[in-house]
Amino acid sequence: MNDCPRVSIKSIGHYDGQTVRLSGWLYNLRRSGKIAFPILRDGTGFLQCVAVKAELPESTFEALRELTQESSLTVTGKVRAESRAPGGYELDVQEVTIHQRIPEEDPYPITPKEHGIDFLMDRRHLWLRSKRQFAIARIRHEVIRAVRDFFDDNGFTLVDCPIFTPAACEGTSTLFEVDYFEDEKVYLTQSGQLYNEANAMALGKVYCFGPTFRAEKSKTRRHLTEFWMVEPEMAYATLEDVKELAEGLVCSIVARVLDRRREELKILERDTSKLETVKGPFPRMSYDEAVKILQGKGSTIEWGTDFGNTDETLLTEGYDRPVMVDRYPTEIKAFYFEPDADRPELALGVDLIAPEGYGEIIGGGQRIHDLNLLLKRLEEHKLPREAFEWYVDLRKFGAVPHGGFGMGIERTVSWMCGLDHLREAIAYPRMLYRTRP
Ligand code: 4AD
Ligand code: MG
């Protein structure tokens with residue numbers, strides 16, 4: 001039977017009634033004296049197999065019946081449509097080859113029972129095999145594909161930015177310093193934005209997508225020290241253009257995940273009705289208005305301070321889609337924001353706040369393009385002029401209004417999946433107290 005097709009679980013439906021070969025791992029096993037129901041996983045899905053004692057050689061049946069969780073095996077069998085099975089099919093086992101049987105004395109540590117989060121996080125390299133983590137990984141992949149397609153289809157050129165950088169983009173308090181050669185110090189990038197700005201002046205519309213780093217000392221559900229960010233940047237763009245782009249991106253991600261990852265959302269028991277309503281236009285409000293709304297809802301926030309997690313959750317309450325808040329006080333924003341022409345105490349920045357308590361997933365806005373204003377801001381923020389010389393150049397040679405934003409991949413994935421912590425949205429999370437495995 002070695003000439004029968006080698007198939008994946010994902011494509012099993014094309015082989016109804018045929019004998020196929022399937023390689024994977026034993027996910028779970030129910031059994032009695034006469035019948036065994038091994039559940040196989042192969043990285044593309046999960047499939048229940050049926051092994052009947054009376055129809056198999058004694059040794060084959062016994063080997064399968066006594067097989068341990070996560071042992072690796074190849075099963076040959078006949079595909080049968082079964083309306084009660086989760087994927088609509090089952091496999092009637094005819095032959096089994098066991099590649100590695102995990103011995104009872106040193107079993108696979110993650111059993112179907114409940115485990116504590118630290119136990120699981122310490123075994124993240126194995127935990128990734130669980131159905132839940134499988135579903136999250138596939139949704140993350142879909143989010144990233146949707147992001148790339150969106151920008152590629154809308155005339156953006158991908159230009160990746162460096163990870164070792166000489167200067168801070170998002171304030172000096174969250175920098176990871178690295179010893180470079182000789183006496184040189186560099187930092188792990190907080191954002192590709194500054195380079196994106198240069199790239200936009202060369203290519204018009206660009207994006208970068210890569211890991212970014214923040215030495216966040218806070219231990220929250222929403223912060224990682226290493227996270228992935230996608231950042232578009234556009235020449236000749238205003239705050240309004242940036243808002244429109246952010247809305248378009250988020251709508252297309254949500255639509256794509258709903259369209260292609262139903263199965264995975266089901267595994268996660270995600271309430272998809274909360275995603276179906278995510279369509280443009282998103283509600284828009286100014287920081288001024290947001291503060292008033294929050295105060296009306298009992299928040300102690302005062303004008304001039306940043307929103308906390310609870311404020312963000314309060315703000316989106318009553319909305320079935322993300323909310324965009326713009327024009328924050330310049331004081332609480334990074335050095336590079338263009339001020340509002342009518343009220344220079346406000347920065348032309350926008351945050352997109354996801355519903356259901358997921359908080360800010362996008363931050364961006366319009367950048368300063370005036371040379372003297374930029375020099376003034378660098379000074380006010382005590383940023384070293386020499387490290388920014390190249391950035392200042394962009395204001396000397398054909399400066400134009402421009403803008404863009406950054407979207408955190410893990411925050412977006414967390415929201416899509418309905419996770420209660422960012423740590424599951426990336427394969428190997430890096431947090432204040434976690435750098436392993
Ligand atoms: O709002 P942030 O800090 O903006 C920037 O870095 C800009 N330079 C981006 C730009 O305009 N090109 O970060 C952008 C997004 C946040 O909205 C959030 O989704 C995510 O990055 N983010 C984090 N995600 C996980 N852990 C952290 N510590 C994060 N900090 C920011
Ligand atoms: Mg932000």
# chains A, B, ... in the order shown; residues from 1 in each chain; ligands from 1

call {"tool": "select_by_dssp", "arguments": {"residues": "range 86-181 of chain A", "states": "strand (DSSP E)", "output": "list in words"}}
result
Tyr89, Glu90, Leu91, Asp92, Val93, Gln94, Glu95, Val96, Thr97, Ile98, His99, Gln100, Thr157, Leu158, Phe164, Thr165, Glu177, Val178 and Asp179 of chain A

call {"tool": "residues_near_ligand", "arguments": {"ligand": "ligand 1", "cutoff": "8 Å", "atoms": "only C-alpha atoms and all ligand atoms", "output": "JSON, numbers by chain"}}
result
{"A": [169, 170, 190, 191, 192, 193, 194, 196, 213, 214, 215, 216, 222, 223, 224, 225, 226, 227, 228, 229, 230, 231, 232, 233, 351, 352, 360, 361, 362, 363, 364, 365, 403, 404, 405, 406, 407, 408, 409, 410, 411, 412, 422]}

call {"tool": "residues_around", "arguments": {"residues": "range 124-140 of chain A", "least_positions_apart": "4", "cutoff": "7 Å", "atoms": "only C-alpha atoms", "output": "ChimeraX atom specification"}}
result
/A:120,144,257,261,264,267-268,413,417,425,437

call {"tool": "write_last_selection", "arguments": {"atoms": "all heavy atoms", "output": "short mmCIF file (atom, residue, chain, number, x, y, z; two decimals), in the first residue's frame"}}
result
data_model
loop_
_atom_site.label_atom_id
_atom_site.label_comp_id
_atom_site.auth_asym_id
_atom_site.auth_seq_id
_atom_site.Cartn_x
_atom_site.Cartn_y
_atom_site.Cartn_z
N LEU A 120 3.13 25.94 31.30
CA LEU A 120 2.98 25.92 29.84
C LEU A 120 4.00 26.82 29.16
O LEU A 120 4.59 26.46 28.14
CB LEU A 120 1.56 26.34 29.46
CG LEU A 120 0.47 25.33 29.83
CD1 LEU A 120 -0.92 25.94 29.66
CD2 LEU A 120 0.61 24.05 29.00
N ILE A 144 -0.79 38.41 8.93
CA ILE A 144 0.41 38.92 8.27
C ILE A 144 0.24 38.88 6.75
O ILE A 144 0.63 39.83 6.05
CB ILE A 144 1.65 38.13 8.74
CG1 ILE A 144 1.91 38.47 10.22
CG2 ILE A 144 2.86 38.44 7.88
CD1 ILE A 144 2.97 37.63 10.90
N VAL A 257 -9.51 37.40 7.83
CA VAL A 257 -9.51 36.37 8.88
C VAL A 257 -10.88 35.67 8.94
O VAL A 257 -10.97 34.45 9.04
CB VAL A 257 -9.12 36.98 10.24
CG1 VAL A 257 -9.36 36.00 11.38
CG2 VAL A 257 -7.66 37.42 10.23
N ARG A 261 -10.26 31.91 8.02
CA ARG A 261 -9.85 31.22 9.26
C ARG A 261 -11.02 30.90 10.18
O ARG A 261 -10.90 30.95 11.41
CB ARG A 261 -8.78 32.04 9.99
CG ARG A 261 -7.46 32.11 9.26
CD ARG A 261 -6.77 30.74 9.23
NE ARG A 261 -5.68 30.67 8.26
CZ ARG A 261 -5.52 29.69 7.38
NH1 ARG A 261 -6.36 28.70 7.34
NH2 ARG A 261 -4.51 29.70 6.55
N GLU A 264 -10.33 27.95 12.61
CA GLU A 264 -9.46 28.31 13.72
C GLU A 264 -10.20 29.18 14.74
O GLU A 264 -10.03 29.02 15.94
CB GLU A 264 -8.21 29.03 13.20
CG GLU A 264 -7.23 28.13 12.44
CD GLU A 264 -7.61 27.83 11.01
OE1 GLU A 264 -8.68 28.32 10.54
OE2 GLU A 264 -6.86 27.10 10.32
N ILE A 267 -12.21 26.90 16.84
CA ILE A 267 -11.38 26.21 17.84
C ILE A 267 -11.20 27.12 19.06
O ILE A 267 -11.25 26.68 20.20
CB ILE A 267 -10.00 25.82 17.26
CG1 ILE A 267 -10.15 24.72 16.20
CG2 ILE A 267 -9.04 25.38 18.37
CD1 ILE A 267 -8.88 24.38 15.45
N LEU A 268 -11.00 28.41 18.79
CA LEU A 268 -10.75 29.36 19.88
C LEU A 268 -12.05 29.83 20.55
O LEU A 268 -12.02 30.62 21.49
CB LEU A 268 -10.00 30.58 19.34
CG LEU A 268 -8.61 30.28 18.77
CD1 LEU A 268 -8.04 31.51 18.08
CD2 LEU A 268 -7.67 29.80 19.87
N VAL A 413 -3.45 40.34 16.52
CA VAL A 413 -3.74 38.90 16.59
C VAL A 413 -4.54 38.57 17.85
O VAL A 413 -5.51 37.81 17.83
CB VAL A 413 -2.43 38.09 16.55
CG1 VAL A 413 -2.66 36.62 16.85
CG2 VAL A 413 -1.75 38.26 15.20
N CYS A 417 -8.16 36.84 17.77
CA CYS A 417 -8.34 35.54 18.42
C CYS A 417 -9.14 35.62 19.71
O CYS A 417 -9.54 34.59 20.25
CB CYS A 417 -6.98 34.92 18.74
SG CYS A 417 -6.01 34.52 17.28
N ALA A 425 0.09 35.36 21.43
CA ALA A 425 -0.04 35.83 20.06
C ALA A 425 1.25 35.71 19.27
O ALA A 425 1.30 36.02 18.08
CB ALA A 425 -0.54 37.27 20.05
N PRO A 437 11.60 29.69 26.55
CA PRO A 437 12.68 29.06 25.78
C PRO A 437 13.00 29.89 24.54
O PRO A 437 12.27 30.81 24.21
CB PRO A 437 12.07 27.71 25.39
CG PRO A 437 10.60 27.94 25.37
CD PRO A 437 10.33 28.98 26.39
#

call {"tool": "residues_around", "arguments": {"residues": "range 89-103 of chain A", "least_positions_apart": "6", "cutoff": "6 Å", "atoms": "only C-alpha atoms", "output": "list of chain:residue names"}}
result
A:Gln48, A:Cys49, A:Val50, A:Ala51, A:Thr68, A:Ser71, A:Ser72, A:Leu73, A:Thr74, A:Val75, A:Thr76, A:Gly77, A:Lys78, A:Val79, A:Arg80, A:Ala81, A:Glu82

call {"tool": "write_last_selection", "arguments": {"atoms": "C-alpha atoms", "output": "PDB file, in the first residue's frame"}}
result
ATOM      1  CA  GLN A  48     -10.003  11.138  14.175  1.00  0.00           C
ATOM      2  CA  CYS A  49      -8.975   7.666  13.041  1.00  0.00           C
ATOM      3  CA  VAL A  50     -10.823   4.443  13.804  1.00  0.00           C
ATOM      4  CA  ALA A  51      -8.950   1.202  14.466  1.00  0.00           C
ATOM      5  CA  THR A  68       1.471   7.365  23.942  1.00  0.00           C
ATOM      6  CA  SER A  71       4.408   9.711  19.538  1.00  0.00           C
ATOM      7  CA  SER A  72       5.112  10.086  15.812  1.00  0.00           C
ATOM      8  CA  LEU A  73       3.473   7.749  13.326  1.00  0.00           C
ATOM      9  CA  THR A  74       2.296   7.147   9.790  1.00  0.00           C
ATOM     10  CA  VAL A  75      -1.143   5.691   9.289  1.00  0.00           C
ATOM     11  CA  THR A  76      -2.515   4.131   6.126  1.00  0.00           C
ATOM     12  CA  GLY A  77      -6.254   3.906   5.906  1.00  0.00           C
ATOM     13  CA  LYS A  78      -9.462   4.606   4.052  1.00  0.00           C
ATOM     14  CA  VAL A  79     -11.058   8.038   4.160  1.00  0.00           C
ATOM     15  CA  ARG A  80     -14.729   8.022   5.087  1.00  0.00           C
ATOM     16  CA  ALA A  81     -17.151  10.946   5.202  1.00  0.00           C
ATOM     17  CA  GLU A  82     -18.622  11.202   8.684  1.00  0.00           C
TER      18      GLU A  82
END

call {"tool": "residues_around", "arguments": {"residues": "Gly280 in chain A", "least_positions_apart": "3", "cutoff": "10 Å", "atoms": "only C-alpha atoms", "output": "PyMOL selection string"}}
result
chain A and resi 244+247-248+250-251+277+283+321-322

call {"tool": "closest_residue", "arguments": {"among": "A:Leu348, A:Leu56, A:Leu378, A:Ala334", "to": "ligand 2", "atoms": "only C-alpha atoms and all ligand atoms"}}
result
A:Ala334

call {"tool": "select_by_dssp", "arguments": {"residues": "range 164-395 of chain A", "states": "alpha helix (DSSP H)", "output": "ChimeraX atom specification"}}
result
/A:193-203,239-260,262-267,273-276,287-296,309-316,371-380,389-393

call {"tool": "residues_around", "arguments": {"residues": "Arg385 in chain A", "least_positions_apart": "4", "cutoff": "12 Å", "atoms": "only C-alpha atoms", "output": "PyMOL selection string"}}
result
chain A and resi 166-168+374-381+389-393

call {"tool": "write_last_selection", "arguments": {"atoms": "C-alpha atoms", "output": "short mmCIF file (atom, residue, chain, number, x, y, z; two decimals), in the first residue's frame"}}
result
data_model
loop_
_atom_site.label_atom_id
_atom_site.label_comp_id
_atom_site.auth_asym_id
_atom_site.auth_seq_id
_atom_site.Cartn_x
_atom_site.Cartn_y
_atom_site.Cartn_z
CA PRO A 166 22.07 54.86 16.68
CA ALA A 167 19.04 56.87 17.86
CA ALA A 168 15.78 56.63 19.80
CA LEU A 374 12.38 69.74 13.97
CA LEU A 375 15.66 71.19 15.30
CA LYS A 376 13.74 72.85 18.11
CA ARG A 377 11.98 69.59 19.04
CA LEU A 378 15.22 67.59 19.05
CA GLU A 379 16.58 70.10 21.51
CA GLU A 380 13.48 70.12 23.71
CA HIS A 381 13.59 66.32 23.87
CA GLU A 389 21.77 64.46 11.26
CA TRP A 390 20.60 62.19 8.45
CA TYR A 391 16.99 62.57 9.63
CA VAL A 392 17.37 66.35 9.66
CA ASP A 393 18.62 66.12 6.03
#

call {"tool": "closest_residue", "arguments": {"among": "A:Ile332, A:Ile39, A:Gln18, A:Ser252", "to": "Pro86 in chain A", "atoms": "only C-alpha atoms"}}
result
A:Ile39

call {"tool": "closest_residue", "arguments": {"among": "A:Gly171, A:Val159, A:Met234, A:Thr310", "to": "ligand 2", "atoms": "only C-alpha atoms and all ligand atoms"}}
result
A:Gly171

call {"tool": "closest_residue", "arguments": {"among": "A:Lys205, A:Lys333, A:Lys297, A:Arg284", "to": "ligand 2", "atoms": "only C-alpha atoms and all ligand atoms"}}
result
A:Lys333

call {"tool": "atom_distance", "arguments": {"atom1": "CA of Leu294 in chain A", "atom2": "CA of Asp326 in chain A"}}
result
15.0 Å
